[in-house]
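Undergrad: Have a look at the structure that comes next, please.
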Amino acid sequence: MTETVNNIIIDEKFEVKHLDKTSDDIEVIDVSKNKLIELATYLKMHINTQFNMLLSVSGVDKADCFEVVYHLYSTVFNKKLILKVRLDKENPAVESLNGLYSAADWHERETYDLLGINFNNHPNLERILLPKDWIGHPLRKDYVNNDKRLSWNER
Amino acid sequence: MALESTLNKEMIINVGPQHPSTHGVLRLVMTLEGEIIKDTKPVIGYLHRGLEKLAESRNYFQYLPMVDRVDYLSSFFCSAAFCYAVESIAGLKVPKRAEYIRLITMEFNRITSHLMWLTAFLLDLGATTPMFYAFREREDIVKLFEELTGQRMMYNFYTFGGVKKDLPEGWMTKAVDLCKSMPKMFDEYEAIITKNPIFMERTKGVGVLTQKMAADYAITGANIRGSGIDFDLRKTNPYSVYDEIDFKTHLAENGDSYDRYMVRIAEMRESVKIIEQALKQIPGGTPERLKVKSVNCGCKKEDCEFCGFDVQLVGKKLNAAVFKPPVGEVISMIEAPRGVITCYVVSDGTNKPYRVKWRTPSFSSVQLLPELIKGKNYSDLMPIFGSLDVVLPEVDR
């Protein structure tokens with residue numbers, strides 16, 4: 001059985017997997033990192049979906065992988081959708097959605113800053129919330145702050 | 001230096017971080033050519049408190065007071081976003097009276113937040129008088145909050161499955177009286193601001209936000225409604241009891257600073273109507289109807305001593321140590337004064353959240369700023385930036 005997003009069948013074309021819905025009934029789609037741009041473009045441009053808003057990009061450090069979670073919203077149909085990309089722990093990197101949604105710029109920088117996930121082809125991938133000389137990525141579960149330098153007011 | 005050598009030369013200036021009209025601690029590195037803004041680079045992070053990291057080492061109840069600090073001008077909305085997320089995971093159903101109390105307090109909070117925006121915006125433009133008018137009403141509302149919660153700013157009033165206490169005696173009468181007097185006050189602001197020629201000159205046609213750009217940058221709230229996109233979560237995805245209340249969303253057409261002002265003024269009037277309706281419809285009840293009666297700790301064992309125990313008999317609040325929402329994830333979306341606050345909570349079945357992610361509307365608004373002020377005169381910076389209603393602690397979290 002193929003499940004659909006607003007009656008658009010995307011399973012075969014983009015090799016996606018439908019995960020369990022969240023507790024408040026939003027569809028969650030698991031997509032491989034190679035197909036992400038294609039799928040996002042398709043969902044944004046297709047007349048029956050029109051997910052024209054990228055609300056947020058968040059990363060989650062799971063036990064065996066990094067998850068990058070994209071929250072899409074369609075102001076036309078008032079529908080929410082969650083895209084999930086799983087990345088391996090060794091070298092987490094995924095294509096940037098910056099060309100498709102301008103909102104992705106800062107959200108991806110934040111995810112890079114706090115979780116150390118690299119976004120390929122991002123125009124300006126640098127730290128945004130933390131100082132530039134910060135060591136490590138705090139939201140990783142194995143993060144330990146052993147920065148031996150003096151704190152900012154003692155420098 | 002001769003005058004000729006400074007012509008046709010770009011100048012880099014630094015606005016902030018402690019600029020009086022940056023609404024917090026924002027730094028803008030601007031490239032100017034004469035008075036024309038060529039390029040802007042916002043630098044944020046001065047107020048980063050690591051709220052997402054702090055969530056990992058605290059249980060749900062210890063994190064609850066911190067949530068108010070995400071945005072200090074609309075604390076109720078932040079706690080509501082977190083509470084709705086956790087309630088959705090844990091499967092708690094909030095009693096009707098508590099939902100109505102939440103709705104009333106949230107709408108009052110929307111008015112205080114918009115009034116604060118109004119004063120700050122007009123101060124940016126050099127008008128000091130509206131501040132004294134707006135703070136008069138804001139004080140009345142804040143006094144109501146103080147009576148209800150004991151706090152004037154960080155209320156910490158919502159809890160999982162309800163609110164912490166009932167409305168005190170006489171509170172409803174005061175609220176009804178305030179609702180009656182408020183539309184007249186809004187008329188006063190409009191009389192001194194709306195048709196003011198200086199105000200119109202500085203805001204009309206300035207900082208036009210097109211529909212395409214607004215959706216592209218994920219701008220939400222009054223800013224996107226000022227551009228004419230009907231995006232109001234209270235209408236489209238009603239949370240709380242908004243589906244039982246009859247109200248309108250207000251749109252404007254041009255998307256300039258003036259339109260964003262008009263939308264916010266109309267929203268304040270609409271909020272008063274919502275509160276009046278809610279005060280009529282609120283069901284009465286004993287304090288027991290303010291919170292869920294029983295809690296499910298999610299263990300699915302039959303003889304669990306904590307599942308289904310009576311909260312009211314055991315204590316005033318859910319026991320923090322045993323409150324373990326089941327494994328799952330949820331995203332709750334709240335229509336805050338500045339736009340859509342989303343709170344993404346991942347639970348792994350322990351009493352601490354595995355991951356909390358805040359998506360705040362001001363973050364997107366600051367990101368949009370360079371695009372809006374590109375090629376404009378430097379004096380247009382404040383009418384544009386002020387009209388976006390940015391609160392910096394919310395940007396940095």
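Identifiers for the structure tokens are assigned positionally: chains receive A, B, ... in sequence, residues are indexed from 1 per chain, and ligands are indexed from 1 in the order shown.
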Give me, as JSON, numbers by chain, the residues of chain B touching chain A, with the criterion being at most 7 Å (counting only C-alpha atoms).
TA: {"B": [44, 45, 48, 53, 88, 89, 215, 216, 217, 218, 231, 236, 329, 330, 355, 357, 359, 364, 396]}
Undergrad: So that I can check the secondary structure, give me every residue of stretch 153-354 of chain B assigned helix (DSSP H, G or I) by backbone DSSP, as a ChimeraX atom specification.
TA: /B:171-193,197-203,211-216,222-226,233-236,242-244,257-281,287-290,311-314,320-322
Undergrad: I'd like to know which of A:Leu97, A:Lys148, A:Leu39, A:Leu115 is closest to A:Gly136, using only C-alpha atoms.
TA: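 Smallest separation from A:Gly136 among the options: A:Leu115.
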Undergrad: Could you please determine the separation between atom CA of B:Leu178 and atom CA of B:Tyr100 in Å, to one decimal place?
TA: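 Taking atom CA of B:Leu178 and atom CA of B:Tyr100, their separation equals 17.6 Å.
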Undergrad: I'd like the interatomic distance between atom CA of B:Phe132 and atom CA of B:Asp187, to a tenth of an Å.
TA: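 Calculated distance between atom CA of B:Phe132 and atom CA of B:Asp187 is 14.8 Å.
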Undergrad: Point out the residue among B:Phe61, B:Tyr344, B:Phe108, B:Phe160 with the least atom-to-atom distance to B:Pro95, counting only C-alpha atoms.
TA: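 Closest candidate: B:Phe160.
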Undergrad: Please compute the atom CA of B:Asp177-atom CA of B:Tyr133 distance, one decimal, in Å.
TA: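 Distance reported for this atom pair: 18.2 Å.
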Undergrad: I'd like the contact shell of stretch 122-125 of chain A - 7 Å cut-off, only C-alpha atoms, skipping same-chain residues fewer than 5 positions apart - returned as a PyMOL selection string.
TA: chain A and resi 96+98+109
Undergrad: Using only N, CA and C atoms, please write the residues we just selected to a file, as an mmCIF file, in the first residue's frame.
TA:
```
data_model
loop_
_atom_site.group_PDB
_atom_site.id
_atom_site.type_symbol
_atom_site.label_atom_id
_atom_site.label_comp_id
_atom_site.auth_asym_id
_atom_site.auth_seq_id
_atom_site.Cartn_x
_atom_site.Cartn_y
_atom_site.Cartn_z
ATOM 1 N N SER A 96 22.663 21.452 1.401
ATOM 2 C CA SER A 96 21.936 22.585 1.969
ATOM 3 C C SER A 96 20.672 22.862 1.169
ATOM 4 N N ASN A 98 19.468 25.764 0.979
ATOM 5 C CA ASN A 98 19.497 27.214 0.904
ATOM 6 C C ASN A 98 18.977 27.758 -0.430
ATOM 7 N N ARG A 109 22.865 27.074 9.772
ATOM 8 C CA ARG A 109 24.036 27.530 10.517
ATOM 9 C C ARG A 109 23.895 27.178 11.995
#
```
